[in-house]
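This is query.pdb (PDB, C-alpha atoms).
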```pdb
ATOM      1  CA  MET A   1       5.817  -1.062  -9.192
ATOM      2  CA  SER A   2       4.547   2.170  -7.720
ATOM      3  CA  LYS A   3       4.774   5.283  -9.812
ATOM      4  CA  VAL A   4       5.290   7.392  -6.681
ATOM      5  CA  ASP A   5       8.689   7.592  -5.025
ATOM      6  CA  PHE A   6       8.903   9.263  -1.617
ATOM      7  CA  LEU A   7      12.491  10.026  -0.499
ATOM      8  CA  VAL A   8      13.136  11.037   3.126
ATOM      9  CA  GLU A   9      16.788  10.667   4.123
ATOM     10  CA  GLN A  10      17.509  10.571   7.833
ATOM     11  CA  GLY A  11      18.944  13.767   9.304
ATOM     12  CA  LYS A  12      18.212  15.844   6.177
ATOM     13  CA  GLN A  13      15.705  18.677   5.925
ATOM     14  CA  VAL A  14      14.284  17.832   2.531
ATOM     15  CA  ILE A  15      11.574  15.590   1.051
ATOM     16  CA  VAL A  16      11.708  14.595  -2.609
ATOM     17  CA  VAL A  17       8.583  13.117  -4.204
ATOM     18  CA  THR A  18       8.890  11.789  -7.762
ATOM     19  CA  GLN A  19       5.838  10.809  -9.798
ATOM     20  CA  ILE A  20       5.311   9.636 -13.360
ATOM     21  CA  PHE A  21       2.028  10.338 -15.118
ATOM     22  CA  ASP A  22       0.966   8.759 -18.401
ATOM     23  CA  ALA A  23      -0.040  12.122 -19.846
ATOM     24  CA  PRO A  24       1.583  14.989 -21.764
ATOM     25  CA  ARG A  25       3.217  17.777 -19.787
ATOM     26  CA  ASP A  26       0.760  20.497 -20.807
ATOM     27  CA  LEU A  27      -2.103  18.522 -19.317
ATOM     28  CA  VAL A  28      -0.225  17.731 -16.086
ATOM     29  CA  TRP A  29       0.680  21.420 -15.808
ATOM     30  CA  LYS A  30      -3.011  22.294 -16.151
ATOM     31  CA  LEU A  31      -3.982  20.034 -13.242
ATOM     32  CA  TYR A  32      -1.321  21.693 -11.079
ATOM     33  CA  THR A  33      -2.250  25.272 -11.902
ATOM     34  CA  ASP A  34      -6.002  25.381 -12.606
ATOM     35  CA  SER A  35      -7.825  26.425  -9.449
ATOM     36  CA  LYS A  36     -10.918  24.465 -10.507
ATOM     37  CA  LEU A  37      -9.020  21.215 -11.137
ATOM     38  CA  MET A  38      -6.475  21.315  -8.339
ATOM     39  CA  PRO A  39      -9.001  20.807  -5.463
ATOM     40  CA  ARG A  40     -10.141  17.598  -7.180
ATOM     41  CA  TRP A  41      -6.832  15.815  -6.573
ATOM     42  CA  TRP A  42      -4.726  17.702  -3.950
ATOM     43  CA  GLY A  43      -4.637  15.873  -0.616
ATOM     44  CA  PRO A  44      -6.773  13.048   0.775
ATOM     45  CA  GLY A  45     -10.239  12.673  -0.743
ATOM     46  CA  ILE A  46     -11.898  12.813   2.684
ATOM     47  CA  LEU A  47     -10.973  16.510   2.939
ATOM     48  CA  LYS A  48     -12.877  19.230   1.112
ATOM     49  CA  THR A  49     -10.476  21.684  -0.497
ATOM     50  CA  ASN A  50     -11.422  25.358  -0.859
ATOM     51  CA  ILE A  51      -9.221  27.693  -2.873
ATOM     52  CA  GLU A  52      -9.346  31.150  -1.337
ATOM     53  CA  LYS A  53      -6.614  32.505  -3.609
ATOM     54  CA  MET A  54      -4.406  30.894  -6.220
ATOM     55  CA  ASP A  55      -2.671  33.516  -8.296
ATOM     56  CA  VAL A  56      -0.256  31.233 -10.171
ATOM     57  CA  ARG A  57       2.332  33.712 -11.460
ATOM     58  CA  THR A  58       5.752  34.884 -10.337
ATOM     59  CA  GLY A  59       5.113  37.112  -7.308
ATOM     60  CA  GLY A  60       1.550  35.878  -6.832
ATOM     61  CA  SER A  61       0.080  34.561  -3.575
ATOM     62  CA  TRP A  62      -2.063  31.558  -2.659
ATOM     63  CA  ARG A  63      -4.211  30.333   0.251
ATOM     64  CA  ILE A  64      -6.018  27.002   0.474
ATOM     65  CA  ILE A  65      -8.286  25.664   3.218
ATOM     66  CA  GLN A  66      -8.943  21.961   3.739
ATOM     67  CA  ILE A  67     -11.951  20.899   5.809
ATOM     68  CA  ASP A  68     -12.413  17.486   7.397
ATOM     69  CA  PRO A  69     -15.796  15.740   7.894
ATOM     70  CA  GLU A  70     -16.038  17.212  11.443
ATOM     71  CA  GLY A  71     -15.628  20.734  10.057
ATOM     72  CA  ASN A  72     -12.072  21.294  11.276
ATOM     73  CA  GLU A  73     -10.156  23.630   8.988
ATOM     74  CA  PHE A  74      -6.519  23.317   7.929
ATOM     75  CA  ALA A  75      -5.253  26.383   6.105
ATOM     76  CA  PHE A  76      -2.057  26.763   4.081
ATOM     77  CA  HIS A  77      -0.663  29.798   2.311
ATOM     78  CA  GLY A  78       2.413  31.139   0.573
ATOM     79  CA  VAL A  79       3.857  33.038  -2.363
ATOM     80  CA  TYR A  80       5.030  31.977  -5.806
ATOM     81  CA  HIS A  81       8.734  32.767  -6.156
ATOM     82  CA  SER A  82       8.602  31.799  -9.832
ATOM     83  CA  VAL A  83       6.211  30.207 -12.314
ATOM     84  CA  LYS A  84       7.606  29.070 -15.678
ATOM     85  CA  ALA A  85       4.921  27.288 -17.710
ATOM     86  CA  PRO A  86       4.841  24.376 -18.366
ATOM     87  CA  GLU A  87       7.939  23.263 -16.505
ATOM     88  CA  ARG A  88       8.572  24.787 -13.097
ATOM     89  CA  ILE A  89       6.855  26.259 -10.029
ATOM     90  CA  ILE A  90       8.849  27.433  -7.001
ATOM     91  CA  ARG A  91       6.728  28.552  -4.075
ATOM     92  CA  THR A  92       6.664  28.888  -0.300
ATOM     93  CA  MET A  93       4.194  27.091   1.960
ATOM     94  CA  GLU A  94       3.168  27.660   5.582
ATOM     95  CA  TRP A  95       0.655  25.572   7.475
ATOM     96  CA  GLU A  96      -1.189  28.094   9.641
ATOM     97  CA  GLY A  97      -1.361  25.631  12.534
ATOM     98  CA  MET A  98       2.384  26.169  12.967
ATOM     99  CA  PRO A  99       3.006  29.859  12.234
ATOM    100  CA  ASP A 100       6.387  31.055  10.958
ATOM    101  CA  HIS A 101       7.479  27.551   9.958
ATOM    102  CA  VAL A 102       7.822  27.760   6.199
ATOM    103  CA  LEU A 103       8.979  25.412   3.479
ATOM    104  CA  LEU A 104      10.238  26.071  -0.040
ATOM    105  CA  GLU A 105       8.776  23.769  -2.680
ATOM    106  CA  ALA A 106       9.998  23.288  -6.249
ATOM    107  CA  VAL A 107       7.797  21.358  -8.678
ATOM    108  CA  VAL A 108       9.585  20.432 -11.915
ATOM    109  CA  LEU A 109       7.770  18.803 -14.880
ATOM    110  CA  GLU A 110       9.722  16.903 -17.538
ATOM    111  CA  GLU A 111       8.186  15.165 -20.572
ATOM    112  CA  PHE A 112       9.548  12.032 -22.216
ATOM    113  CA  GLU A 113       7.829   9.662 -24.644
ATOM    114  CA  GLY A 114       4.422  11.202 -23.934
ATOM    115  CA  LYS A 115       4.762  10.703 -20.172
ATOM    116  CA  THR A 116       5.471  13.375 -17.593
ATOM    117  CA  LYS A 117       7.827  13.073 -14.648
ATOM    118  CA  VAL A 118       7.088  15.421 -11.746
ATOM    119  CA  THR A 119       9.831  16.010  -9.188
ATOM    120  CA  ASP A 120       8.573  17.828  -6.106
ATOM    121  CA  THR A 121      11.336  18.952  -3.718
ATOM    122  CA  SER A 122      10.380  20.532  -0.379
ATOM    123  CA  VAL A 123      13.088  22.008   1.824
ATOM    124  CA  PHE A 124      12.282  22.793   5.458
ATOM    125  CA  GLN A 125      13.841  25.276   7.880
ATOM    126  CA  SER A 126      14.972  22.434  10.145
ATOM    127  CA  VAL A 127      15.145  18.639  10.346
ATOM    128  CA  GLU A 128      12.471  18.848  13.081
ATOM    129  CA  ASP A 129      10.072  20.683  10.765
ATOM    130  CA  ARG A 130      10.665  18.070   8.069
ATOM    131  CA  ASP A 131      10.166  15.139  10.437
ATOM    132  CA  GLY A 132       7.008  16.758  11.843
ATOM    133  CA  MET A 133       5.537  16.905   8.332
ATOM    134  CA  VAL A 134       6.426  13.262   7.665
ATOM    135  CA  GLU A 135       4.763  12.213  10.941
ATOM    136  CA  THR A 136       1.422  13.728   9.885
ATOM    137  CA  GLY A 137       1.134  10.787   7.504
ATOM    138  CA  MET A 138       2.134  12.853   4.505
ATOM    139  CA  GLU A 139       3.252   9.832   2.476
ATOM    140  CA  GLY A 140      -0.251   8.335   2.506
ATOM    141  CA  GLY A 141      -1.652  11.704   1.432
ATOM    142  CA  VAL A 142       0.822  11.911  -1.441
ATOM    143  CA  ILE A 143      -0.064   8.431  -2.683
ATOM    144  CA  GLU A 144      -3.782   9.179  -2.456
ATOM    145  CA  SER A 145      -3.256  12.466  -4.310
ATOM    146  CA  TYR A 146      -1.425  10.541  -7.020
ATOM    147  CA  ASP A 147      -4.317   8.121  -7.420
ATOM    148  CA  ARG A 148      -6.851  10.956  -7.550
ATOM    149  CA  PHE A 149      -4.684  12.764 -10.105
ATOM    150  CA  VAL A 150      -4.663   9.656 -12.335
ATOM    151  CA  GLU A 151      -8.451   9.319 -12.050
ATOM    152  CA  LEU A 152      -8.918  12.978 -12.987
ATOM    153  CA  LEU A 153      -6.650  12.556 -16.016
ATOM    154  CA  LYS A 154      -8.984   9.835 -17.287
ATOM    155  CA  GLU A 155     -11.953  12.211 -17.117
ATOM    156  CA  LEU A 156     -10.319  15.011 -19.081
TER     157      LEU A 156
ATOM    158  CA  MET B   1      35.176  37.938  20.690
ATOM    159  CA  SER B   2      33.405  38.411  17.396
ATOM    160  CA  LYS B   3      29.796  39.473  17.408
ATOM    161  CA  VAL B   4      29.169  37.484  14.223
ATOM    162  CA  ASP B   5      28.716  33.733  14.330
ATOM    163  CA  PHE B   6      28.658  31.838  11.032
ATOM    164  CA  LEU B   7      27.441  28.243  11.337
ATOM    165  CA  VAL B   8      27.922  25.844   8.406
ATOM    166  CA  GLU B   9      27.585  22.190   9.407
ATOM    167  CA  GLN B  10      29.039  19.654   7.001
ATOM    168  CA  GLY B  11      26.503  17.788   4.855
ATOM    169  CA  LYS B  12      23.617  20.101   5.806
ATOM    170  CA  GLN B  13      21.811  22.490   3.468
ATOM    171  CA  VAL B  14      21.505  25.439   5.822
ATOM    172  CA  ILE B  15      23.604  28.425   6.930
ATOM    173  CA  VAL B  16      22.855  30.171  10.225
ATOM    174  CA  VAL B  17      24.359  33.606  10.835
ATOM    175  CA  THR B  18      23.899  35.139  14.291
ATOM    176  CA  GLN B  19      24.771  38.764  15.001
ATOM    177  CA  ILE B  20      24.404  41.010  18.030
ATOM    178  CA  PHE B  21      24.023  44.755  17.572
ATOM    179  CA  ASP B  22      24.278  47.287  20.375
ATOM    180  CA  ALA B  23      21.088  49.042  19.285
ATOM    181  CA  PRO B  24      17.339  48.760  19.923
ATOM    182  CA  ARG B  25      15.321  46.434  17.727
ATOM    183  CA  ASP B  26      13.278  49.158  16.012
ATOM    184  CA  LEU B  27      16.449  50.768  14.709
ATOM    185  CA  VAL B  28      17.950  47.472  13.523
ATOM    186  CA  TRP B  29      14.644  46.699  11.798
ATOM    187  CA  LYS B  30      14.842  50.055  10.016
ATOM    188  CA  LEU B  31      18.295  49.283   8.606
ATOM    189  CA  TYR B  32      17.021  45.966   7.277
ATOM    190  CA  THR B  33      13.882  47.321   5.655
ATOM    191  CA  ASP B  34      14.590  50.901   4.526
ATOM    192  CA  SER B  35      15.581  50.864   0.853
ATOM    193  CA  LYS B  36      17.717  53.986   1.348
ATOM    194  CA  LEU B  37      19.677  52.576   4.277
ATOM    195  CA  MET B  38      20.034  48.941   3.231
ATOM    196  CA  PRO B  39      22.438  49.600   0.296
ATOM    197  CA  ARG B  40      24.792  51.350   2.744
ATOM    198  CA  TRP B  41      25.583  48.121   4.616
ATOM    199  CA  TRP B  42      24.482  45.047   2.595
ATOM    200  CA  GLY B  43      27.454  43.193   1.100
ATOM    201  CA  PRO B  44      31.090  44.190   0.613
ATOM    202  CA  GLY B  45      31.785  47.943   0.457
ATOM    203  CA  ILE B  46      33.616  47.590  -2.873
ATOM    204  CA  LEU B  47      30.283  46.802  -4.575
ATOM    205  CA  LYS B  48      27.728  49.475  -5.428
ATOM    206  CA  THR B  49      24.231  48.325  -4.487
ATOM    207  CA  ASN B  50      21.215  49.461  -6.510
ATOM    208  CA  ILE B  51      17.718  48.696  -5.291
ATOM    209  CA  GLU B  52      15.444  48.133  -8.260
ATOM    210  CA  LYS B  53      12.518  47.027  -6.100
ATOM    211  CA  MET B  54      12.130  46.431  -2.389
ATOM    212  CA  ASP B  55       8.488  46.113  -1.444
ATOM    213  CA  VAL B  56       8.928  44.931   2.145
ATOM    214  CA  ARG B  57       5.485  43.489   2.920
ATOM    215  CA  THR B  58       3.943  40.029   2.935
ATOM    216  CA  GLY B  59       3.535  39.088  -0.736
ATOM    217  CA  GLY B  60       5.854  41.847  -1.965
ATOM    218  CA  SER B  61       8.795  41.369  -4.326
ATOM    219  CA  TRP B  62      12.384  42.608  -4.382
ATOM    220  CA  ARG B  63      15.312  42.883  -6.821
ATOM    221  CA  ILE B  64      18.787  44.207  -6.035
ATOM    222  CA  ILE B  65      21.772  44.668  -8.356
ATOM    223  CA  GLN B  66      25.358  44.849  -7.112
ATOM    224  CA  ILE B  67      28.037  46.305  -9.388
ATOM    225  CA  ASP B  68      31.765  45.756  -8.990
ATOM    226  CA  PRO B  69      34.458  48.344  -9.917
ATOM    227  CA  GLU B  70      34.790  46.800 -13.409
ATOM    228  CA  GLY B  71      31.059  47.273 -14.035
ATOM    229  CA  ASN B  72      30.056  43.610 -13.718
ATOM    230  CA  GLU B  73      26.526  43.221 -12.394
ATOM    231  CA  PHE B  74      25.266  40.637  -9.907
ATOM    232  CA  ALA B  75      21.496  40.629  -9.590
ATOM    233  CA  PHE B  76      19.350  38.957  -6.917
ATOM    234  CA  HIS B  77      15.596  38.790  -6.558
ATOM    235  CA  GLY B  78      12.804  37.104  -4.654
ATOM    236  CA  VAL B  79       9.499  37.456  -2.839
ATOM    237  CA  TYR B  80       8.576  38.184   0.762
ATOM    238  CA  HIS B  81       6.665  35.230   2.196
ATOM    239  CA  SER B  82       5.975  37.212   5.380
ATOM    240  CA  VAL B  83       6.979  40.473   7.014
ATOM    241  CA  LYS B  84       6.114  40.960  10.695
ATOM    242  CA  ALA B  85       7.572  44.239  11.986
ATOM    243  CA  PRO B  86       9.796  44.549  13.948
ATOM    244  CA  GLU B  87      10.625  40.895  14.456
ATOM    245  CA  ARG B  88      10.587  38.657  11.419
ATOM    246  CA  ILE B  89      11.138  38.594   7.635
ATOM    247  CA  ILE B  90      10.845  35.373   5.633
ATOM    248  CA  ARG B  91      11.753  35.713   1.983
ATOM    249  CA  THR B  92      13.092  33.833  -1.015
ATOM    250  CA  MET B  93      16.328  34.707  -2.838
ATOM    251  CA  GLU B  94      17.685  33.721  -6.250
ATOM    252  CA  TRP B  95      21.019  34.836  -7.664
ATOM    253  CA  GLU B  96      20.316  35.376 -11.343
ATOM    254  CA  GLY B  97      23.707  33.933 -12.305
ATOM    255  CA  MET B  98      22.336  30.522 -11.314
ATOM    256  CA  PRO B  99      18.673  30.512 -12.407
ATOM    257  CA  ASP B 100      16.112  28.321 -10.628
ATOM    258  CA  HIS B 101      18.364  27.778  -7.606
ATOM    259  CA  VAL B 102      16.481  29.433  -4.777
ATOM    260  CA  LEU B 103      17.002  29.762  -1.043
ATOM    261  CA  LEU B 104      14.560  30.527   1.760
ATOM    262  CA  GLU B 105      15.840  33.060   4.292
ATOM    263  CA  ALA B 106      14.356  33.843   7.710
ATOM    264  CA  VAL B 107      15.636  36.907   9.569
ATOM    265  CA  VAL B 108      14.527  37.024  13.216
ATOM    266  CA  LEU B 109      15.184  40.046  15.477
ATOM    267  CA  GLU B 110      15.107  39.662  19.266
ATOM    268  CA  GLU B 111      15.748  42.485  21.755
ATOM    269  CA  PHE B 112      17.339  42.049  25.164
ATOM    270  CA  GLU B 113      18.862  44.705  27.449
ATOM    271  CA  GLY B 114      18.834  47.306  24.686
ATOM    272  CA  LYS B 115      20.752  45.048  22.300
ATOM    273  CA  THR B 116      19.353  43.203  19.303
ATOM    274  CA  LYS B 117      20.185  39.656  18.292
ATOM    275  CA  VAL B 118      19.622  38.880  14.619
ATOM    276  CA  THR B 119      19.395  35.222  13.578
ATOM    277  CA  ASP B 120      19.524  34.786   9.811
ATOM    278  CA  THR B 121      18.772  31.227   8.641
ATOM    279  CA  SER B 122      19.108  30.382   4.939
ATOM    280  CA  VAL B 123      17.996  26.979   3.676
ATOM    281  CA  PHE B 124      19.095  25.808   0.232
ATOM    282  CA  GLN B 125      17.550  23.321  -2.181
ATOM    283  CA  SER B 126      20.623  21.072  -1.909
ATOM    284  CA  VAL B 127      23.895  20.695  -0.034
ATOM    285  CA  GLU B 128      25.677  21.558  -3.317
ATOM    286  CA  ASP B 129      23.823  24.885  -3.566
ATOM    287  CA  ARG B 130      24.733  25.675   0.038
ATOM    288  CA  ASP B 131      28.395  24.772  -0.420
ATOM    289  CA  GLY B 132      28.546  26.809  -3.634
ATOM    290  CA  MET B 133      27.353  29.890  -1.747
ATOM    291  CA  VAL B 134      29.905  29.328   1.017
ATOM    292  CA  GLU B 135      32.700  29.012  -1.574
ATOM    293  CA  THR B 136      31.935  32.467  -3.006
ATOM    294  CA  GLY B 137      33.535  33.867   0.147
ATOM    295  CA  MET B 138      30.189  34.617   1.742
ATOM    296  CA  GLU B 139      31.589  34.597   5.279
ATOM    297  CA  GLY B 140      33.917  37.517   4.538
ATOM    298  CA  GLY B 141      30.996  39.405   3.015
ATOM    299  CA  VAL B 142      28.864  38.779   6.085
ATOM    300  CA  ILE B 143      31.567  40.053   8.431
ATOM    301  CA  GLU B 144      32.145  43.153   6.299
ATOM    302  CA  SER B 145      28.375  43.775   6.192
ATOM    303  CA  TYR B 146      28.324  43.548   9.985
ATOM    304  CA  ASP B 147      31.092  46.136  10.294
ATOM    305  CA  ARG B 148      29.344  48.476   7.848
ATOM    306  CA  PHE B 149      26.074  48.002   9.737
ATOM    307  CA  VAL B 150      27.761  49.026  13.007
ATOM    308  CA  GLU B 151      29.293  52.112  11.364
ATOM    309  CA  LEU B 152      25.915  53.124   9.959
ATOM    310  CA  LEU B 153      24.291  52.738  13.398
ATOM    311  CA  LYS B 154      26.776  55.306  14.759
ATOM    312  CA  GLU B 155      25.696  57.853  12.141
ATOM    313  CA  LEU B 156      21.967  57.563  12.821
TER     314      LEU B 156
END
```
Final structure tokens representation of the file:
Amino acid sequence: MSKVDFLVEQGKQVIVVTQIFDAPRDLVWKLYTDSKLMPRWWGPGILKTNIEKMDVRTGGSWRIIQIDPEGNEFAFHGVYHSVKAPERIIRTMEWEGMPDHVLLEAVVLEEFEGKTKVTDTSVFQSVEDRDGMVETGMEGGVIESYDRFVELLKEL
Amino acid sequence: MSKVDFLVEQGKQVIVVTQIFDAPRDLVWKLYTDSKLMPRWWGPGILKTNIEKMDVRTGGSWRIIQIDPEGNEFAFHGVYHSVKAPERIIRTMEWEGMPDHVLLEAVVLEEFEGKTKVTDTSVFQSVEDRDGMVETGMEGGVIESYDRFVELLKEL
């Protein structure tokens, strides 16, 4: 059974990703918010991830650049609407390849029996924006990120 | 014919409000972004609107408190994802009476023949959040805001 659930209902403008990690919440929170750790698991491993800015606090901003083996850059940025350690991050995200198309992401961490459930809800400005994101192969990226996250947990 | 269109499709998590003002875009932009002018039109006239913070720039924050005749306070806050004068504001909004429920609002101003069309798209984290906002009587508030906006334009 996979520990990643990827929910994309037809005609909706939301994606809900649910993951369960065999680790306490404080540690999972650290991997989400530490700018040195986050590049080691976020996105496919074939991409190099550079953090230009990651000011994880309510009202802070962030910008991340991913670089593929050919040197192509994919930049993302946004603002943190709210950061409530160790349980909730609500932030905006814009892929700079499609300016002015923005999503609102809520990451919620819940602990039970030493495990941590992460529910990541992204709402898009339109169904088309949502479907466009899904078509980039996002689900594969999410599953690979999950696997990298689990590997990193073992090292810490 | 009304100059306010309020679109709420069943089962969706978005509200689209379209308005046409008989004024140039720069002036409409000013009413949206000037912290002295905005309280004179935003929301129902029966409420007093206090701007605690309104830092209208990419990465800025805002907080507004509305007070009814009995002294009850309704506070809202959020961050500006992007501000591109005079055409686009994308920001988050949270009503503090329902913490952690956040919407993403995009306000787009387009000018044609001396008039300005404003398209205001709010996406919610769930259909329930969207429907809850509609049930507060939001449509009446939007229409009253439109009327107050038009009156204010005449004074300037």
What residues in chain B have any atom no more than 8 Å from chain A when counting all atoms listed in the file, and can you write them as a list in words?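 The answer, sorted by residue number, is Lys12, Gln13, Val14, Gly59, Gly60, Ser61, Gly78, Val79, Tyr80, His81, Thr92, Leu103, Leu104, Thr121, Ser122, Val123, Phe124 and Gln125 of chain B.
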Result set, the PyMOL selection byres ((chain B and resi 108-120) around 8) on current file, as a VMD selection string: chain B and resid 16 to 25 28 to 29 86 to 89 105 to 107 121 to 122
Go ahead and dump the residues you just picked, C-alpha atoms, as an mmCIF file, in the coordinates of the input.
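Below is the file that was written, selection32.cif:
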```
data_model
loop_
_atom_site.group_PDB
_atom_site.id
_atom_site.type_symbol
_atom_site.label_atom_id
_atom_site.label_comp_id
_atom_site.auth_asym_id
_atom_site.auth_seq_id
_atom_site.Cartn_x
_atom_site.Cartn_y
_atom_site.Cartn_z
ATOM 1 C CA VAL B 16 22.855 30.171 10.225
ATOM 2 C CA VAL B 17 24.359 33.606 10.835
ATOM 3 C CA THR B 18 23.899 35.139 14.291
ATOM 4 C CA GLN B 19 24.771 38.764 15.001
ATOM 5 C CA ILE B 20 24.404 41.010 18.030
ATOM 6 C CA PHE B 21 24.023 44.755 17.572
ATOM 7 C CA ASP B 22 24.278 47.287 20.375
ATOM 8 C CA ALA B 23 21.088 49.042 19.285
ATOM 9 C CA PRO B 24 17.339 48.760 19.923
ATOM 10 C CA ARG B 25 15.321 46.434 17.727
ATOM 11 C CA VAL B 28 17.950 47.472 13.523
ATOM 12 C CA TRP B 29 14.644 46.699 11.798
ATOM 13 C CA PRO B 86 9.796 44.549 13.948
ATOM 14 C CA GLU B 87 10.625 40.895 14.456
ATOM 15 C CA ARG B 88 10.587 38.657 11.419
ATOM 16 C CA ILE B 89 11.138 38.594 7.635
ATOM 17 C CA GLU B 105 15.840 33.060 4.292
ATOM 18 C CA ALA B 106 14.356 33.843 7.710
ATOM 19 C CA VAL B 107 15.636 36.907 9.569
ATOM 20 C CA THR B 121 18.772 31.227 8.641
ATOM 21 C CA SER B 122 19.108 30.382 4.939
#
```
Find the residues around Ser35 of chain A up to 12 Å (only C-alpha atoms counted), leave out those fewer than 2 positions away in its own chain, and share them as number ranges by chain. A: 29-33, 37-42, 49-56, 62-64
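Pairwise distance (atom CA of Gly140 of chain A, atom CA of Phe6 of chain A) equals 10.1 Å.
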Tell me which protein, DNA and RNA residues are within 12 Å of Glu139 of chain B, counting all atoms listed in the file, leaving out same-chain ones fewer than 2 positions away, and put them as a PyMOL selection string. chain B and resi 4-8+15-18+43-44+131+133-137+141-146
Kindly give the distance, in Å, that separates atom CA of Glu96 of chain B and atom CA of Arg57 of chain A, rounded to a single decimal.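 Straight-line distance from atom CA of Glu96 of chain B to atom CA of Arg57 of chain A works out to 18.1 Å.
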Return as lines of an AutoDock Vina configuration file the centre and edge lengths, in Å with one decimal, of the box along x, y and z that encloses every atom of segment 32-43 of chain B in the file, padded by 8 Å per side.
```
center_x = 20.7
center_y = 48.6
center_z = 3.8
size_x = 29.6
size_y = 26.8
size_z = 23.0
```
In Å, rounded to a single decimal, give me how far atom CA of Leu27 of chain B is from atom CA of Leu153 of chain B. 8.2 Å
Any chance you could resolve the PyMOL selection byres ((chain B and resi 66) around 6) against this file and give the residues as JSON, numbers by chain? {"B": [47, 48, 49, 65, 67, 73, 74]}
